[in-house]
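Peer 1: Below is one structure. I have some questions about it.
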Amino acid sequence: MASHRYVQQVAAPGAAALLGGVPRLRAVAPPRTAALPAARRWPAWFLLIAGIALALGSVAGGLPTTTAGATKMLDAFAPHLTDESLARLDGDVDAIARFGAAARAEAAAGRLAAAPRTVDYANRSADVEANARELLASARAAKPDVDALARIRGLSTLPQLLLLVGIALAVAGAVLLRSRSAPPRRWATAAAALCAVALVVHPFASGLVAGAPSAGRVVDRFAPIMTEQQVVRLQRDFLALVGAVGEIDRGTTVRRTPEIRAFTTSWQTVSSDLASLTGAINDNLPDYRRLASTNAVLPVPGGTFAALPWAELVLGLAVGGAVLGTRRKVLP
């Protein structure tokens with residue numbers, strides 16, 4: 001209530017005449033006015049801090065490079081992991097095994113004395129076959145998870161999306177903290193609500209919930225083959241094959257058994273498949289390492305990528321709660 005008092009004139013007909021026409025004055029209470037409610041400030045602070053954290057987290061640790069590299073790696077391996085390609089690789093490995101068995105038989109019979117490169121391959125053929133089968137087994141085991149990861153829509157642009165949402169949330173929070181006029185506050189609240197919807201809907205609409213856990217399994221499945229040592233071993237095996245086949249094609253020092261003749265005839269296809277797969281492994285080693293490193297940042301089952309869709313969902317629900325909080329008022 002105000003400290004000063006209102007006065008009201010009260011003039012009675014007779015009293016006015018007796019007092020010389022001067023009306024009497026009586027003090028009255030002022031009219032009551034409703035107290036203006038103040039907006040809650042914690043939702044604005046939450047939006048500001050959450051937005052900054054999300055924007056920084058989307059670029060921290062090289063996440064944009066990791067997702068772009070993962071997409072590039074998936075694209076590089078996709079042609080080699082189709083059912084048709086895996087069946088053809090099975091045939092290549094079987095052909096290598098038959099050629100190795102024939103070379104070993106010729107060496108044991110003493111018929112390769114004038115063919116040193118073929119002898120060298122015969123001595124290494126068992127290891128070459130084992131390496132090829134191990135490579136094929138790892139690739140086949142990784143296929144379901146590679147396919148699941150490749151089905152995530154917009155994987156390479158995920159960090160940019162999170163960055164934009166984070167910036168929008170931070171700006172909305174700053175506007176709500178500083179502005180007292182209704183229009184800017186309405187726009188800021190609407191923008192924060194849209195961000196909340198995006199964070200809740202995106203993990204399901206993009207396939208992130210279903211596909212993100214596959215990232216950790218891809219890392220594990222590819223671990224035996226995505227190493228520099230494996231690349232060197234495959235290159236040495238390939239060079240040993242090239243030397244033996246070249247020696248057989250150039251002269252008559254090696255008896256052309258049916259198995260040897262069949263392999264040299266199919267060598268162009270076999271060599272093309274092996275060279276292409278070895279090249280895909282070698283070219284994508286840096287991308288694989290970044291994916292493995294990023295996925296190991298969070299020590300949770302499945303790694304960082306498995307937790308990412310649920311972190312989005314929780315943050316979206318929290319932002320939605322903060323938006324509802326901005327609609328409530330607190331009385332002073």
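Following the order of the structure tokens, first chain is A, next is B, and so on, with residues numbered from 1 inside each chain and ligands from 1 in the order they appear.
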List the neighbours of Ala137 (chain A) out to 12 Å using only C-alpha atoms; skip same-chain residues closer than 2 positions along the sequence, and give me the result as an MDAnalysis selection string.
Peer 2: chainID A and resid 81 86:87 89:90 93 130:135 139:143 221:222 224:225
Peer 1: Residues within 9 Å of Gly302 (chain A), please, as a PyMOL selection string. Count only C-alpha atoms; anything in the same chain fewer than 6 positions from it doesn't count.
Peer 2: chain A and resi 212-217+295-296
Peer 1: Using only C-alpha atoms, which residues sit within 10 Å of Val209 (chain A) once same-chain residues fewer than 2 positions away are excluded, as a list in words?
Peer 2: Ile152, His202, Pro203, Phe204, Ala205, Ser206, Gly207, Gly211, Ala212, Pro213, Ser214, Phe305, Ala306, Ala307, Leu308, Pro309, Trp310 and Leu313 of chain A
Peer 1: Which residue, A:Ala150, A:Leu163, A:Ala196, A:Val270, has the smallest gap to Leu63 (chain A) when you use only C-alpha atoms?
Peer 2: A:Leu163
Peer 1: Write out as a list in words each polymer residue whose atoms come within 9 Å of Leu47 (chain A), counting only C-alpha atoms; drop sequence neighbours fewer than 2 positions from it.
Peer 2: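 Contacts, with the query itself left out: Trp42, Pro43, Ala44, Trp45, Ile49, Ala50, Gly51, Ile52, Gly166, Leu169, Ala170, Val171, Ala172, Gly173, Ala174, Ala192, Val319, Ala322 and Val323 of chain A.
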Peer 1: Write the residues of the preceding selection, restricted to N, CA and C atoms, as a PDB file, in the first residue's frame.
Peer 2:
```pdb
ATOM      1  N   TRP A  42      15.579 -19.158 -14.409  1.00  0.00           N
ATOM      2  CA  TRP A  42      16.356 -20.395 -14.573  1.00  0.00           C
ATOM      3  C   TRP A  42      16.174 -21.041 -15.954  1.00  0.00           C
ATOM      4  N   PRO A  43      14.958 -21.006 -16.567  1.00  0.00           N
ATOM      5  CA  PRO A  43      14.882 -21.607 -17.909  1.00  0.00           C
ATOM      6  C   PRO A  43      15.787 -20.913 -18.914  1.00  0.00           C
ATOM      7  N   ALA A  44      15.883 -19.587 -18.829  1.00  0.00           N
ATOM      8  CA  ALA A  44      16.740 -18.854 -19.752  1.00  0.00           C
ATOM      9  C   ALA A  44      18.207 -19.225 -19.542  1.00  0.00           C
ATOM     10  N   TRP A  45      18.622 -19.325 -18.275  1.00  0.00           N
ATOM     11  CA  TRP A  45      20.001 -19.715 -17.990  1.00  0.00           C
ATOM     12  C   TRP A  45      20.273 -21.141 -18.494  1.00  0.00           C
ATOM     13  N   ILE A  49      23.172 -22.069 -21.252  1.00  0.00           N
ATOM     14  CA  ILE A  49      24.287 -22.962 -20.933  1.00  0.00           C
ATOM     15  C   ILE A  49      24.219 -24.242 -21.774  1.00  0.00           C
ATOM     16  N   ALA A  50      23.006 -24.814 -21.917  1.00  0.00           N
ATOM     17  CA  ALA A  50      22.864 -26.036 -22.713  1.00  0.00           C
ATOM     18  C   ALA A  50      23.224 -25.780 -24.170  1.00  0.00           C
ATOM     19  N   GLY A  51      22.832 -24.619 -24.693  1.00  0.00           N
ATOM     20  CA  GLY A  51      23.152 -24.304 -26.081  1.00  0.00           C
ATOM     21  C   GLY A  51      24.646 -24.172 -26.311  1.00  0.00           C
ATOM     22  N   ILE A  52      25.328 -23.481 -25.389  1.00  0.00           N
ATOM     23  CA  ILE A  52      26.786 -23.330 -25.527  1.00  0.00           C
ATOM     24  C   ILE A  52      27.469 -24.688 -25.435  1.00  0.00           C
ATOM     25  N   GLY A 166      22.534 -25.891 -31.089  1.00  0.00           N
ATOM     26  CA  GLY A 166      23.180 -25.299 -29.915  1.00  0.00           C
ATOM     27  C   GLY A 166      23.220 -23.785 -29.983  1.00  0.00           C
ATOM     28  N   LEU A 169      19.713 -22.405 -29.333  1.00  0.00           N
ATOM     29  CA  LEU A 169      19.351 -22.453 -27.920  1.00  0.00           C
ATOM     30  C   LEU A 169      20.060 -21.369 -27.122  1.00  0.00           C
ATOM     31  N   ALA A 170      21.341 -21.164 -27.410  1.00  0.00           N
ATOM     32  CA  ALA A 170      22.096 -20.137 -26.681  1.00  0.00           C
ATOM     33  C   ALA A 170      21.534 -18.749 -26.954  1.00  0.00           C
ATOM     34  N   VAL A 171      21.204 -18.462 -28.198  1.00  0.00           N
ATOM     35  CA  VAL A 171      20.630 -17.155 -28.530  1.00  0.00           C
ATOM     36  C   VAL A 171      19.272 -16.984 -27.868  1.00  0.00           C
ATOM     37  N   ALA A 172      18.447 -18.033 -27.883  1.00  0.00           N
ATOM     38  CA  ALA A 172      17.139 -17.950 -27.239  1.00  0.00           C
ATOM     39  C   ALA A 172      17.285 -17.678 -25.750  1.00  0.00           C
ATOM     40  N   GLY A 173      18.227 -18.352 -25.107  1.00  0.00           N
ATOM     41  CA  GLY A 173      18.444 -18.110 -23.686  1.00  0.00           C
ATOM     42  C   GLY A 173      18.902 -16.699 -23.403  1.00  0.00           C
ATOM     43  N   ALA A 174      19.803 -16.174 -24.248  1.00  0.00           N
ATOM     44  CA  ALA A 174      20.289 -14.805 -24.049  1.00  0.00           C
ATOM     45  C   ALA A 174      19.160 -13.792 -24.226  1.00  0.00           C
ATOM     46  N   ALA A 192      13.263 -22.012 -29.123  1.00  0.00           N
ATOM     47  CA  ALA A 192      13.686 -23.061 -28.198  1.00  0.00           C
ATOM     48  C   ALA A 192      12.770 -24.272 -28.295  1.00  0.00           C
ATOM     49  N   VAL A 319      15.106 -29.425 -22.636  1.00  0.00           N
ATOM     50  CA  VAL A 319      14.821 -28.133 -23.265  1.00  0.00           C
ATOM     51  C   VAL A 319      13.313 -27.891 -23.309  1.00  0.00           C
ATOM     52  N   ALA A 322      12.310 -26.680 -19.998  1.00  0.00           N
ATOM     53  CA  ALA A 322      12.695 -25.283 -19.792  1.00  0.00           C
ATOM     54  C   ALA A 322      11.751 -24.344 -20.540  1.00  0.00           C
ATOM     55  N   VAL A 323      11.322 -24.738 -21.724  1.00  0.00           N
ATOM     56  CA  VAL A 323      10.373 -23.909 -22.477  1.00  0.00           C
ATOM     57  C   VAL A 323       9.066 -23.770 -21.708  1.00  0.00           C
TER      58      VAL A 323
END
```
Peer 1: Just the number, please: distance in Å from CA of Arg153 (chain A) to CA of Ala60 (chain A), one decimal.
Peer 2: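 Interatomic distance here is 21.6 Å.
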Peer 1: Calculate how many Å separate CA of Leu194 (chain A) from CA of Gly154 (chain A), rounding to one decimal.
Peer 2: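 Calculated distance between CA of Leu194 (chain A) and CA of Gly154 (chain A) is 19.1 Å.
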Peer 1: In Å, with one decimal, what is the gap from CA of Glu312 (chain A) to CA of Leu199 (chain A)?
Peer 2: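 Value for the CA of Glu312 (chain A)-CA of Leu199 (chain A) distance: 5.4 Å.
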Peer 1: Can you pull out the residues contacting region 114-117 of chain A? Cut-off 12 Å, using only C-alpha atoms, and skip same-chain residues under 2 positions away; I want them as a CSV table (one decimal) with N, CA and C atoms, in the first residue's frame.
Peer 2:
```
chain,number,residue,atom,x,y,z
A,103,ALA,N,51.2,-75.5,-56.3
A,103,ALA,CA,52.6,-75.1,-56.3
A,103,ALA,C,53.4,-75.9,-55.3
A,106,GLU,N,54.2,-79.3,-56.8
A,106,GLU,CA,55.2,-79.2,-57.8
A,106,GLU,C,56.6,-79.0,-57.1
A,107,ALA,N,56.6,-78.2,-56.0
A,107,ALA,CA,57.9,-78.0,-55.3
A,107,ALA,C,58.3,-79.2,-54.6
A,110,GLY,N,60.1,-81.5,-56.9
A,110,GLY,CA,61.4,-81.1,-57.4
A,110,GLY,C,61.3,-80.5,-58.8
A,111,ARG,N,60.1,-80.1,-59.2
A,111,ARG,CA,60.0,-79.6,-60.6
A,111,ARG,C,60.0,-78.1,-60.7
A,112,LEU,N,60.4,-77.4,-59.6
A,112,LEU,CA,60.4,-75.9,-59.6
A,112,LEU,C,61.8,-75.4,-59.3
A,119,VAL,N,58.7,-71.1,-56.2
A,119,VAL,CA,59.1,-71.8,-55.0
A,119,VAL,C,58.8,-70.9,-53.8
A,120,ASP,N,59.2,-69.7,-53.9
A,120,ASP,CA,59.0,-68.7,-52.7
A,120,ASP,C,57.5,-68.7,-52.4
A,121,TYR,N,56.7,-68.6,-53.4
A,121,TYR,CA,55.2,-68.5,-53.2
A,121,TYR,C,54.8,-69.9,-52.6
A,122,ALA,N,55.2,-71.0,-53.1
A,122,ALA,CA,54.8,-72.3,-52.6
A,122,ALA,C,55.1,-72.4,-51.1
A,123,ASN,N,56.3,-71.9,-50.7
A,123,ASN,CA,56.6,-71.9,-49.2
A,123,ASN,C,55.7,-71.0,-48.4
A,124,ARG,N,55.2,-69.9,-49.0
A,124,ARG,CA,54.4,-69.0,-48.2
A,124,ARG,C,52.9,-69.1,-48.5
A,125,SER,N,52.5,-70.1,-49.3
A,125,SER,CA,51.1,-70.2,-49.8
A,125,SER,C,50.2,-70.4,-48.7
A,239,LEU,N,52.3,-59.3,-53.8
A,239,LEU,CA,53.6,-59.3,-54.6
A,239,LEU,C,54.1,-60.7,-54.8
A,240,ALA,N,53.9,-61.6,-53.8
A,240,ALA,CA,54.3,-63.0,-54.0
A,240,ALA,C,53.5,-63.7,-55.0
A,241,LEU,N,52.2,-63.4,-55.1
A,241,LEU,CA,51.4,-63.9,-56.1
A,241,LEU,C,51.8,-63.4,-57.5
A,242,VAL,N,52.0,-62.1,-57.5
A,242,VAL,CA,52.4,-61.5,-58.8
A,242,VAL,C,53.7,-62.1,-59.3
A,243,GLY,N,54.6,-62.3,-58.5
A,243,GLY,CA,55.9,-62.9,-58.9
A,243,GLY,C,55.8,-64.3,-59.4
A,244,ALA,N,55.0,-65.1,-58.7
A,244,ALA,CA,54.8,-66.5,-59.2
A,244,ALA,C,54.0,-66.5,-60.5
A,245,VAL,N,52.9,-65.8,-60.6
A,245,VAL,CA,52.1,-65.8,-61.8
A,245,VAL,C,52.9,-65.2,-63.0
A,246,GLY,N,53.7,-64.2,-62.8
A,246,GLY,CA,54.6,-63.6,-63.8
A,246,GLY,C,55.6,-64.6,-64.3
A,247,GLU,N,56.2,-65.3,-63.4
A,247,GLU,CA,57.2,-66.3,-63.7
A,247,GLU,C,56.6,-67.4,-64.6
A,248,ILE,N,55.4,-67.8,-64.2
A,248,ILE,CA,54.7,-68.9,-64.9
A,248,ILE,C,54.4,-68.4,-66.3
A,249,ASP,N,53.9,-67.2,-66.4
A,249,ASP,CA,53.5,-66.7,-67.8
A,249,ASP,C,54.6,-66.4,-68.7
A,250,ARG,N,55.8,-66.1,-68.1
A,250,ARG,CA,56.9,-65.7,-69.0
A,250,ARG,C,57.7,-66.9,-69.6
A,251,GLY,N,57.6,-68.1,-69.0
A,251,GLY,CA,58.4,-69.2,-69.5
A,251,GLY,C,57.8,-70.5,-69.4
A,252,THR,N,58.6,-71.5,-69.6
A,252,THR,CA,58.1,-72.9,-69.5
A,252,THR,C,58.7,-73.7,-68.4
A,253,THR,N,59.3,-72.9,-67.4
A,253,THR,CA,60.0,-73.6,-66.3
A,253,THR,C,59.0,-74.2,-65.3
A,254,VAL,N,57.7,-73.8,-65.3
A,254,VAL,CA,56.7,-74.4,-64.4
A,254,VAL,C,55.7,-75.2,-65.2
A,255,ARG,N,55.5,-76.4,-64.8
A,255,ARG,CA,54.5,-77.3,-65.5
A,255,ARG,C,53.1,-76.8,-65.2
```
Peer 1: Show me, as an MDAnalysis selection string, the residues that have an atom within 12 Å of Pro258 (chain A) when counting only C-alpha atoms, minus same-chain residues fewer than 4 positions from it.
Peer 2: chainID A and resid 95 98:99 101:103 262:265
Peer 1: May I have the residues from that selection written out with all heavy atoms, as a PDB file, in the first residue's frame?
Peer 2:
```pdb
ATOM      1  N   ALA A  95      40.417 -70.132 -55.212  1.00  0.00           N
ATOM      2  CA  ALA A  95      41.368 -70.256 -56.322  1.00  0.00           C
ATOM      3  C   ALA A  95      42.804 -70.126 -55.818  1.00  0.00           C
ATOM      4  O   ALA A  95      43.700 -70.857 -56.267  1.00  0.00           O
ATOM      5  CB  ALA A  95      41.072 -69.190 -57.378  1.00  0.00           C
ATOM      6  N   ARG A  98      43.730 -73.430 -54.186  1.00  0.00           N
ATOM      7  CA  ARG A  98      44.054 -74.488 -55.147  1.00  0.00           C
ATOM      8  C   ARG A  98      45.402 -74.245 -55.812  1.00  0.00           C
ATOM      9  O   ARG A  98      46.185 -75.185 -56.023  1.00  0.00           O
ATOM     10  CB  ARG A  98      42.937 -74.581 -56.200  1.00  0.00           C
ATOM     11  CG  ARG A  98      41.630 -75.135 -55.653  1.00  0.00           C
ATOM     12  CD  ARG A  98      40.664 -75.449 -56.797  1.00  0.00           C
ATOM     13  NE  ARG A  98      40.257 -74.233 -57.499  1.00  0.00           N
ATOM     14  CZ  ARG A  98      39.189 -73.511 -57.185  1.00  0.00           C
ATOM     15  NH1 ARG A  98      38.427 -73.868 -56.164  1.00  0.00           N
ATOM     16  NH2 ARG A  98      38.866 -72.439 -57.887  1.00  0.00           N
ATOM     17  N   PHE A  99      45.690 -72.981 -56.122  1.00  0.00           N
ATOM     18  CA  PHE A  99      46.981 -72.650 -56.734  1.00  0.00           C
ATOM     19  C   PHE A  99      48.115 -72.938 -55.762  1.00  0.00           C
ATOM     20  O   PHE A  99      49.169 -73.479 -56.143  1.00  0.00           O
ATOM     21  CB  PHE A  99      46.985 -71.184 -57.145  1.00  0.00           C
ATOM     22  CG  PHE A  99      48.297 -70.715 -57.710  1.00  0.00           C
ATOM     23  CD1 PHE A  99      48.806 -71.264 -58.874  1.00  0.00           C
ATOM     24  CD2 PHE A  99      49.026 -69.719 -57.068  1.00  0.00           C
ATOM     25  CE1 PHE A  99      50.023 -70.829 -59.407  1.00  0.00           C
ATOM     26  CE2 PHE A  99      50.231 -69.282 -57.580  1.00  0.00           C
ATOM     27  CZ  PHE A  99      50.741 -69.838 -58.749  1.00  0.00           C
ATOM     28  N   ALA A 101      48.129 -75.153 -53.309  1.00  0.00           N
ATOM     29  CA  ALA A 101      48.295 -76.600 -53.172  1.00  0.00           C
ATOM     30  C   ALA A 101      49.045 -77.173 -54.379  1.00  0.00           C
ATOM     31  O   ALA A 101      49.927 -78.032 -54.233  1.00  0.00           O
ATOM     32  CB  ALA A 101      46.927 -77.256 -53.027  1.00  0.00           C
ATOM     33  N   ALA A 102      48.726 -76.690 -55.578  1.00  0.00           N
ATOM     34  CA  ALA A 102      49.420 -77.172 -56.780  1.00  0.00           C
ATOM     35  C   ALA A 102      50.883 -76.761 -56.770  1.00  0.00           C
ATOM     36  O   ALA A 102      51.765 -77.561 -57.138  1.00  0.00           O
ATOM     37  CB  ALA A 102      48.725 -76.620 -58.028  1.00  0.00           C
ATOM     38  N   ALA A 103      51.169 -75.522 -56.326  1.00  0.00           N
ATOM     39  CA  ALA A 103      52.559 -75.056 -56.272  1.00  0.00           C
ATOM     40  C   ALA A 103      53.356 -75.862 -55.255  1.00  0.00           C
ATOM     41  O   ALA A 103      54.519 -76.235 -55.503  1.00  0.00           O
ATOM     42  CB  ALA A 103      52.590 -73.571 -55.932  1.00  0.00           C
ATOM     43  N   ALA A 262      44.295 -72.844 -64.494  1.00  0.00           N
ATOM     44  CA  ALA A 262      43.029 -72.183 -64.148  1.00  0.00           C
ATOM     45  C   ALA A 262      43.289 -70.890 -63.363  1.00  0.00           C
ATOM     46  O   ALA A 262      42.622 -69.860 -63.584  1.00  0.00           O
ATOM     47  CB  ALA A 262      42.146 -73.127 -63.339  1.00  0.00           C
ATOM     48  N   PHE A 263      44.287 -70.934 -62.481  1.00  0.00           N
ATOM     49  CA  PHE A 263      44.548 -69.738 -61.680  1.00  0.00           C
ATOM     50  C   PHE A 263      45.148 -68.620 -62.524  1.00  0.00           C
ATOM     51  O   PHE A 263      44.759 -67.453 -62.386  1.00  0.00           O
ATOM     52  CB  PHE A 263      45.490 -70.067 -60.519  1.00  0.00           C
ATOM     53  CG  PHE A 263      45.704 -68.899 -59.600  1.00  0.00           C
ATOM     54  CD1 PHE A 263      44.727 -68.501 -58.708  1.00  0.00           C
ATOM     55  CD2 PHE A 263      46.898 -68.167 -59.646  1.00  0.00           C
ATOM     56  CE1 PHE A 263      44.926 -67.418 -57.867  1.00  0.00           C
ATOM     57  CE2 PHE A 263      47.099 -67.089 -58.809  1.00  0.00           C
ATOM     58  CZ  PHE A 263      46.113 -66.708 -57.914  1.00  0.00           C
ATOM     59  N   THR A 264      46.096 -68.941 -63.377  1.00  0.00           N
ATOM     60  CA  THR A 264      46.683 -67.901 -64.216  1.00  0.00           C
ATOM     61  C   THR A 264      45.660 -67.310 -65.173  1.00  0.00           C
ATOM     62  O   THR A 264      45.730 -66.124 -65.520  1.00  0.00           O
ATOM     63  CB  THR A 264      47.872 -68.461 -65.015  1.00  0.00           C
ATOM     64  OG1 THR A 264      47.447 -69.603 -65.786  1.00  0.00           O
ATOM     65  CG2 THR A 264      49.003 -68.877 -64.075  1.00  0.00           C
ATOM     66  N   THR A 265      44.680 -68.118 -65.568  1.00  0.00           N
ATOM     67  CA  THR A 265      43.621 -67.607 -66.442  1.00  0.00           C
ATOM     68  C   THR A 265      42.723 -66.623 -65.700  1.00  0.00           C
ATOM     69  O   THR A 265      42.287 -65.606 -66.265  1.00  0.00           O
ATOM     70  CB  THR A 265      42.780 -68.768 -66.993  1.00  0.00           C
ATOM     71  OG1 THR A 265      43.631 -69.658 -67.724  1.00  0.00           O
ATOM     72  CG2 THR A 265      41.670 -68.254 -67.901  1.00  0.00           C
TER      73      THR A 265
END
```
Peer 1: DSSP on the backbone: which residues in region 90-263 of chain A end up as helix (DSSP H, G or I)? Give the answer as a PyMOL selection string.
Peer 2: chain A and resi 90-108+116-150+158-178+182-205+208-211+214-222+228-250+258-263
Peer 1: For each of A:Arg185, A:Arg88, A:Arg104, A:Arg40, take the minimum atom-to-atom distance to Ala126 (chain A), counting only C-alpha atoms, then give the residue where this is smallest.
Peer 2: A:Arg104
Peer 1: I'd like to know which of A:Pro299, A:Pro144, A:Gly316, A:Gly57 is closest to Thr82 (chain A), using only C-alpha atoms.
Peer 2: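 The shortest atom-to-atom distance to Thr82 (chain A) comes from A:Pro144.
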